[in-house]
Amino acid sequence: MMPVWFRVVSLTVVAVLVIAAERPSGHPYYPLSVGNSWECRVHALTPRREESRVVWRVTKAEKGKEGRTVYQVWPTPMQADDEAIMLSASGVGVEEVSTRSLVLKWPLAVGDHWLGGGHTRQGQSPPAFKVLSVGQACSIASKRFQDCAVIEETDLGTRLRTTTTYVRGVGPVEYRYFRIGQRGKQEEVQTVSLNHFRIVQ
């Protein structure tokens, strides 16, 4: 008869393997696999109210210098100044490779904050990130999601503040951009909201 301890260990190993197989690569709130795509509506508020659509796709994954997988995320249609977003996932979160900024840490807790990396002009502070909410329901473009996380990024160098809403298992579903004016007053200038998405398991 099989020992009890062996059966417990075996069940634990099976459970871990099942979880690993079901969890998308990347981050719980930002799954990264070649073929993943997010179609979004871009709503510019100033100077004129204009709407357009953009589709972001994970088109390539390759090993980086440190052995971690780097994912290329490209927009369609492309603008003249567009370039791929290079993302790398690790046990501490998702990092934007070009700026060396941790855009989404793991685990997440309300109030967590950290500074971005990358190159800044002398005398300027790097972008600051803050977790505004985790595990709360949210509604984006008439779609309701049960488990969302909202991250705020403040970049005083560009005078922009961005709030990004992520959904567990889906990825980024909304970006809201604000211009920071005098005395900290902010004005919303653009919203990018999810229409459709495709996640490859």
# chains A, B, ... in the order shown; residues from 1 in each chain; ligands from 1
>>> residues_around(residues="Ile85 (chain A)", least_positions_apart="6", cutoff="8 Å", atoms="only C-alpha atoms", output="list in words")
Tyr71, Gln72, Val73, Trp74 and Glu96 of chain A
>>> select_by_dssp(residues="chain A", states="strand (DSSP E)", output="NGL selection string")
:A and (26-27 or 30-31 or 37-44 or 50-63 or 69-76 or 85-90 or 93-96 or 101-105 or 113-115 or 128-140 or 143-155 or 160-167 or 171-180 or 186-198)
>>> residues_around(residues="Gly64 (chain A)", least_positions_apart="3", cutoff="12 Å", atoms="only C-alpha atoms", output="compact mmCIF listing (two decimals) with N, CA, C and O atoms, in the first residue's frame")
# COMPACT_ATOMS: atom_id res chain seq x y z
N ALA A 61 9.29 36.59 -29.06
CA ALA A 61 9.87 36.35 -27.74
C ALA A 61 11.24 35.73 -27.93
O ALA A 61 11.39 34.77 -28.69
N GLY A 67 19.32 36.07 -19.71
CA GLY A 67 18.66 34.77 -19.78
C GLY A 67 17.15 34.83 -19.65
O GLY A 67 16.48 33.81 -19.77
N ARG A 68 16.62 36.02 -19.42
CA ARG A 68 15.17 36.16 -19.31
C ARG A 68 14.57 36.36 -20.69
O ARG A 68 15.20 36.93 -21.58
N THR A 69 13.32 35.94 -20.86
CA THR A 69 12.63 36.11 -22.13
C THR A 69 12.18 37.55 -22.30
O THR A 69 11.59 38.13 -21.39
N VAL A 70 12.47 38.12 -23.46
CA VAL A 70 12.05 39.49 -23.79
C VAL A 70 10.97 39.41 -24.85
O VAL A 70 11.14 38.77 -25.90
N TYR A 71 9.83 40.04 -24.58
CA TYR A 71 8.69 40.01 -25.49
C TYR A 71 8.59 41.35 -26.23
O TYR A 71 8.69 42.41 -25.61
N GLN A 72 8.40 41.27 -27.55
CA GLN A 72 8.21 42.47 -28.36
C GLN A 72 6.71 42.69 -28.57
O GLN A 72 6.01 41.78 -29.03
N MET A 86 9.45 46.63 -25.37
CA MET A 86 10.21 45.43 -25.02
C MET A 86 9.97 45.13 -23.55
O MET A 86 10.35 45.92 -22.68
N LEU A 87 9.32 44.00 -23.26
CA LEU A 87 8.95 43.65 -21.90
C LEU A 87 9.62 42.35 -21.48
O LEU A 87 9.72 41.41 -22.26
N SER A 88 10.06 42.33 -20.23
CA SER A 88 10.68 41.13 -19.67
C SER A 88 10.02 40.83 -18.33
O SER A 88 9.87 41.72 -17.49
N ALA A 89 9.60 39.58 -18.15
CA ALA A 89 8.93 39.19 -16.91
C ALA A 89 9.87 38.38 -16.04
O ALA A 89 10.65 37.57 -16.52
N VAL A 97 12.23 46.92 -20.87
CA VAL A 97 13.67 46.72 -21.03
C VAL A 97 14.40 48.00 -21.38
O VAL A 97 15.46 48.30 -20.84
N SER A 98 13.85 48.80 -22.30
CA SER A 98 14.56 49.99 -22.78
C SER A 98 14.79 51.02 -21.69
O SER A 98 15.80 51.71 -21.67
>>> atom_distance(atom1="CA of Glu174 (chain A)", atom2="CA of Ser193 (chain A)")
4.5 Å
>>> atom_distance(atom1="CA of Gly135 (chain A)", atom2="CA of Pro28 (chain A)")
11.5 Å
>>> select_by_dssp(residues="chain A", states="helix (DSSP H, G or I)", output="JSON, numbers by chain")
{"A": [4, 5, 6, 7, 8, 9, 10, 11, 12, 13, 14, 15, 16, 17, 18, 19, 20, 21, 22, 182, 183, 184]}
>>> residues_around(residues="Val173 (chain A)", least_positions_apart="6", cutoff="6 Å", atoms="only C-alpha atoms", output="list of chain:residue names")
A:Thr165, A:Tyr166, A:Ser193, A:Leu194
>>> residues_around(residues="Gly91 (chain A)", least_positions_apart="3", cutoff="9 Å", atoms="only C-alpha atoms", output="list in words")
His27, Val94, Lys105, Trp106 and Pro107 of chain A
>>> closest_residue(among="A:Cys138, A:Leu32, A:Val42, A:Ile180", to="Gly93 (chain A)", atoms="only C-alpha atoms")
A:Leu32
>>> closest_atom_pairs(of="region 69-116 of chain A", to="region 152-162 of chain A", cutoff="10 Å", atoms="only C-alpha atoms", output="JSON lines")
{"residue": "A:Val103", "atom": "CA", "partner": "A:Glu153", "partner_atom": "CA", "distance": 8.5}
{"residue": "A:His113", "atom": "CA", "partner": "A:Glu152", "partner_atom": "CA", "distance": 9.2}
{"residue": "A:Trp114", "atom": "CA", "partner": "A:Glu153", "partner_atom": "CA", "distance": 9.7}
{"residue": "A:Leu115", "atom": "CA", "partner": "A:Glu153", "partner_atom": "CA", "distance": 9.3}
{"residue": "A:Gly116", "atom": "CA", "partner": "A:Glu153", "partner_atom": "CA", "distance": 9.1}
>>> write_last_selection(atoms="C-alpha atoms", output="mmCIF file, in the first residue's frame")
data_model
loop_
_atom_site.group_PDB
_atom_site.id
_atom_site.type_symbol
_atom_site.label_atom_id
_atom_site.label_comp_id
_atom_site.auth_asym_id
_atom_site.auth_seq_id
_atom_site.Cartn_x
_atom_site.Cartn_y
_atom_site.Cartn_z
ATOM 1 C CA VAL A 103 6.045 48.847 -14.742
ATOM 2 C CA HIS A 113 5.423 52.419 -4.589
ATOM 3 C CA TRP A 114 8.729 52.333 -6.409
ATOM 4 C CA LEU A 115 10.875 54.401 -8.752
ATOM 5 C CA GLY A 116 11.454 53.596 -12.391
#
>>> atom_distance(atom1="CA of Asp147 (chain A)", atom2="CA of Glu188 (chain A)")
24.8 Å
>>> decode(residues="region 143-154 of chain A", atoms="all heavy atoms", output="mmCIF file, in the first residue's frame")
data_model
loop_
_atom_site.group_PDB
_atom_site.id
_atom_site.type_symbol
_atom_site.label_atom_id
_atom_site.label_comp_id
_atom_site.auth_asym_id
_atom_site.auth_seq_id
_atom_site.Cartn_x
_atom_site.Cartn_y
_atom_site.Cartn_z
ATOM 1 N N LYS A 143 -17.615 46.859 -20.438
ATOM 2 C CA LYS A 143 -17.244 45.516 -19.999
ATOM 3 C C LYS A 143 -16.917 45.559 -18.511
ATOM 4 O O LYS A 143 -16.252 46.479 -18.045
ATOM 5 C CB LYS A 143 -16.032 44.998 -20.773
ATOM 6 C CG LYS A 143 -16.251 44.837 -22.266
ATOM 7 C CD LYS A 143 -14.991 44.347 -22.936
ATOM 8 C CE LYS A 143 -15.200 44.173 -24.439
ATOM 9 N NZ LYS A 143 -15.507 45.454 -25.104
ATOM 10 N N ARG A 144 -17.376 44.573 -17.767
ATOM 11 C CA ARG A 144 -17.118 44.525 -16.329
ATOM 12 C C ARG A 144 -16.194 43.369 -16.010
ATOM 13 O O ARG A 144 -16.390 42.246 -16.469
ATOM 14 C CB ARG A 144 -18.422 44.392 -15.539
ATOM 15 C CG ARG A 144 -18.218 44.479 -14.020
ATOM 16 C CD ARG A 144 -19.479 44.846 -13.309
ATOM 17 N NE ARG A 144 -19.293 44.919 -11.873
ATOM 18 C CZ ARG A 144 -18.815 45.964 -11.230
ATOM 19 N NH1 ARG A 144 -18.462 47.050 -11.905
ATOM 20 N NH2 ARG A 144 -18.683 45.966 -9.917
ATOM 21 N N PHE A 145 -15.166 43.664 -15.226
ATOM 22 C CA PHE A 145 -14.177 42.671 -14.820
ATOM 23 C C PHE A 145 -14.154 42.603 -13.297
ATOM 24 O O PHE A 145 -14.350 43.612 -12.614
ATOM 25 C CB PHE A 145 -12.791 43.045 -15.337
ATOM 26 C CG PHE A 145 -12.712 43.187 -16.842
ATOM 27 C CD1 PHE A 145 -12.789 44.443 -17.431
ATOM 28 C CD2 PHE A 145 -12.579 42.083 -17.639
ATOM 29 C CE1 PHE A 145 -12.713 44.582 -18.808
ATOM 30 C CE2 PHE A 145 -12.506 42.202 -19.022
ATOM 31 C CZ PHE A 145 -12.572 43.460 -19.610
ATOM 32 N N GLN A 146 -13.894 41.416 -12.763
ATOM 33 C CA GLN A 146 -13.979 41.202 -11.323
ATOM 34 C C GLN A 146 -12.675 41.428 -10.564
ATOM 35 O O GLN A 146 -12.695 41.653 -9.364
ATOM 36 C CB GLN A 146 -14.484 39.773 -11.049
ATOM 37 C CG GLN A 146 -15.896 39.523 -11.556
ATOM 38 C CD GLN A 146 -16.893 40.513 -10.970
ATOM 39 O OE1 GLN A 146 -16.905 40.772 -9.764
ATOM 40 N NE2 GLN A 146 -17.743 41.073 -11.831
ATOM 41 N N ASP A 147 -11.532 41.338 -11.243
ATOM 42 C CA ASP A 147 -10.241 41.421 -10.540
ATOM 43 C C ASP A 147 -9.311 42.354 -11.293
ATOM 44 O O ASP A 147 -8.660 41.954 -12.268
ATOM 45 C CB ASP A 147 -9.624 40.020 -10.416
ATOM 46 C CG ASP A 147 -8.406 39.997 -9.504
ATOM 47 O OD1 ASP A 147 -7.855 41.079 -9.198
ATOM 48 O OD2 ASP A 147 -8.009 38.895 -9.084
ATOM 49 N N CYS A 148 -9.258 43.599 -10.855
ATOM 50 C CA CYS A 148 -8.475 44.625 -11.550
ATOM 51 C C CYS A 148 -7.413 45.206 -10.614
ATOM 52 O O CYS A 148 -7.552 45.161 -9.393
ATOM 53 C CB CYS A 148 -9.378 45.756 -12.034
ATOM 54 S SG CYS A 148 -10.837 45.199 -12.954
ATOM 55 N N ALA A 149 -6.390 45.752 -11.222
ATOM 56 C CA ALA A 149 -5.341 46.461 -10.477
ATOM 57 C C ALA A 149 -5.064 47.774 -11.198
ATOM 58 O O ALA A 149 -4.982 47.802 -12.435
ATOM 59 C CB ALA A 149 -4.067 45.627 -10.385
ATOM 60 N N VAL A 150 -4.925 48.860 -10.438
ATOM 61 C CA VAL A 150 -4.690 50.173 -11.020
ATOM 62 C C VAL A 150 -3.341 50.692 -10.530
ATOM 63 O O VAL A 150 -3.092 50.768 -9.326
ATOM 64 C CB VAL A 150 -5.807 51.178 -10.660
ATOM 65 C CG1 VAL A 150 -5.527 52.538 -11.298
ATOM 66 C CG2 VAL A 150 -7.163 50.646 -11.105
ATOM 67 N N ILE A 151 -2.478 51.044 -11.495
ATOM 68 C CA ILE A 151 -1.137 51.545 -11.196
ATOM 69 C C ILE A 151 -1.028 52.968 -11.705
ATOM 70 O O ILE A 151 -1.401 53.268 -12.844
ATOM 71 C CB ILE A 151 -0.050 50.687 -11.879
ATOM 72 C CG1 ILE A 151 -0.280 49.194 -11.624
ATOM 73 C CG2 ILE A 151 1.346 51.123 -11.402
ATOM 74 C CD1 ILE A 151 -0.210 48.779 -10.186
ATOM 75 N N GLU A 152 -0.514 53.850 -10.873
ATOM 76 C CA GLU A 152 -0.299 55.249 -11.261
ATOM 77 C C GLU A 152 1.184 55.487 -11.495
ATOM 78 O O GLU A 152 2.022 55.093 -10.683
ATOM 79 C CB GLU A 152 -0.811 56.185 -10.173
ATOM 80 C CG GLU A 152 -0.576 57.657 -10.466
ATOM 81 C CD GLU A 152 -0.983 58.529 -9.292
ATOM 82 O OE1 GLU A 152 -0.178 58.659 -8.342
ATOM 83 O OE2 GLU A 152 -2.112 59.064 -9.319
ATOM 84 N N GLU A 153 1.500 56.130 -12.616
ATOM 85 C CA GLU A 153 2.885 56.502 -12.918
ATOM 86 C C GLU A 153 2.955 58.018 -13.061
ATOM 87 O O GLU A 153 2.208 58.609 -13.848
ATOM 88 C CB GLU A 153 3.360 55.850 -14.208
ATOM 89 C CG GLU A 153 4.776 56.274 -14.610
ATOM 90 C CD GLU A 153 5.189 55.773 -15.982
ATOM 91 O OE1 GLU A 153 4.409 55.013 -16.590
ATOM 92 O OE2 GLU A 153 6.274 56.155 -16.451
ATOM 93 N N THR A 154 3.834 58.644 -12.309
ATOM 94 C CA THR A 154 4.018 60.093 -12.387
ATOM 95 C C THR A 154 5.417 60.388 -12.891
ATOM 96 O O THR A 154 6.408 59.974 -12.269
ATOM 97 C CB THR A 154 3.812 60.753 -11.011
ATOM 98 O OG1 THR A 154 2.491 60.462 -10.541
ATOM 99 C CG2 THR A 154 3.993 62.267 -11.096
#
